[in-house]
Amino acid sequence: MSEEIKHKLGVALSGGGARGFAHVGALMAIEEAGLKPDIIAGVSAGSVIAVLYAAGVPFDEMTKIFEKKGFTDFASMSMGDGGLMRIDKFKKCIMQTINKFGTYKTFEDLRIPTYVGVTDLDHGCEAEFHSGPIGERMVASCSIPIIFKPIKIEGVNYVDGGVVRNHPAWIIRDKCETLIGVNVSPMRTPGKATSMIDVAMRTYNLMAKANQGADMALCDISVQTPELSSYKVFDLTNIKAVVTSGYIHTRRALKDAGVWKKKTKAKQES
């Protein structure tokens, strides 16, 4: 075992847009099994849930942020600058939420070590952040190319981590003894891409599907949510169903791994 390993349990959360709410259900199941992540990593939507979780935001509050909201409540038009939209409103919303539960400005302020995966657009490679201001780094991890403008941090342009590594297992695999990975981004069924947004999203989904397999294989327990393939990335109308999917599949994966049964038994004996 590497001397660098400091944490017993790590959780890695994939990208997936609105399907990322399944991560809320996954974390609920993990805690229900008597487990508590010591370190967490996320990409894109997974980075948002990772930050919310690490700030101690209750599960019900995570979903309330987006209830009765639409895409335009979090994004605004910004033609040029490398993207169609800006997501400053989204960053403001998340930062306001986490600061209801403490004072969180940087990753160092969060309750557990938190890593977010991004794509270094200038150098064409994966990268990660685990220190410095939270907002811009989390938003960089969510900035789907073409749809959202790249985020410049210390002179470098960053976009959605899912472009090259949609699953962040690679970031924390060597930092924990056991790693649970959750993939909420199954490939959508074949369909026609008719608009610019459709083409951008289909291209992004194809890239994500192609690059996440290797990282899923790094996990000791890997959770997948296949029925979410029919859900669109920006569809906020089925939050409860998405959360339930994450919970059910994570609970099943933990039971299959013998974790759920062991923890439940230990709880009964205490």
# chains A, B, ... in the order shown; residues from 1 in each chain; ligands from 1
>>> residues_around(residues="Val139 in chain A", least_positions_apart="5", cutoff="9 Å", atoms="only C-alpha atoms", output="number ranges by chain")
A: 44, 47-48, 87-88, 90-91, 134, 151, 159-160
>>> select_by_dssp(residues="range 10-149 of chain A", states="strand (DSSP E or B)", output="PyMOL selection string")
chain A and resi 10-13+39-43+76-77+83-86+106+114-120+125-129+133+146-148
>>> atom_distance(atom1="CA of Leu218 in chain A", atom2="CA of Thr119 in chain A")
19.8 Å
>>> closest_residue(among="A:Cys142, A:Met85, A:Ala12, A:Ala214", to="Val233 in chain A", atoms="only C-alpha atoms")
A:Cys142
>>> closest_residue(among="A:Ser78, A:Asn157, A:Ser245, A:Thr178", to="Gly124 in chain A", atoms="only C-alpha atoms")
A:Asn157
>>> select_by_dssp(residues="range 90-270 of chain A", states="alpha helix (DSSP H)", output="PyMOL selection string")
chain A and resi 90-98+134-142+169-172+196-216+239-256+259-269
>>> atom_distance(atom1="CA of Val163 in chain A", atom2="CA of Gly16 in chain A")
11.6 Å
>>> closest_residue(among="A:Met95, A:Ala54, A:Val182, A:Ile40", to="Val116 in chain A", atoms="only C-alpha atoms")
A:Ile40
>>> decode(residues="range 123-142 of chain A", atoms="C-alpha atoms", output="PDB file, in the first residue's frame")
ATOM      1  CA  HIS A 123      -2.670  22.099 -22.980  1.00  0.00           C
ATOM      2  CA  GLY A 124      -5.216  19.428 -23.924  1.00  0.00           C
ATOM      3  CA  CYS A 125      -5.060  17.332 -20.768  1.00  0.00           C
ATOM      4  CA  GLU A 126      -6.842  16.441 -17.564  1.00  0.00           C
ATOM      5  CA  ALA A 127      -6.251  18.488 -14.434  1.00  0.00           C
ATOM      6  CA  GLU A 128      -7.650  18.779 -10.928  1.00  0.00           C
ATOM      7  CA  PHE A 129      -8.153  21.345  -8.214  1.00  0.00           C
ATOM      8  CA  HIS A 130      -8.234  20.734  -4.487  1.00  0.00           C
ATOM      9  CA  SER A 131      -7.139  24.114  -3.170  1.00  0.00           C
ATOM     10  CA  GLY A 132      -7.927  27.740  -3.811  1.00  0.00           C
ATOM     11  CA  PRO A 133     -11.284  29.518  -4.339  1.00  0.00           C
ATOM     12  CA  ILE A 134     -14.166  27.046  -4.717  1.00  0.00           C
ATOM     13  CA  GLY A 135     -16.538  28.867  -7.053  1.00  0.00           C
ATOM     14  CA  GLU A 136     -14.535  29.375 -10.220  1.00  0.00           C
ATOM     15  CA  ARG A 137     -12.899  25.935  -9.993  1.00  0.00           C
ATOM     16  CA  MET A 138     -16.213  24.145  -9.527  1.00  0.00           C
ATOM     17  CA  VAL A 139     -17.745  26.114 -12.412  1.00  0.00           C
ATOM     18  CA  ALA A 140     -14.762  25.257 -14.623  1.00  0.00           C
ATOM     19  CA  SER A 141     -15.487  21.577 -14.004  1.00  0.00           C
ATOM     20  CA  CYS A 142     -19.067  22.160 -15.250  1.00  0.00           C
TER      21      CYS A 142
END
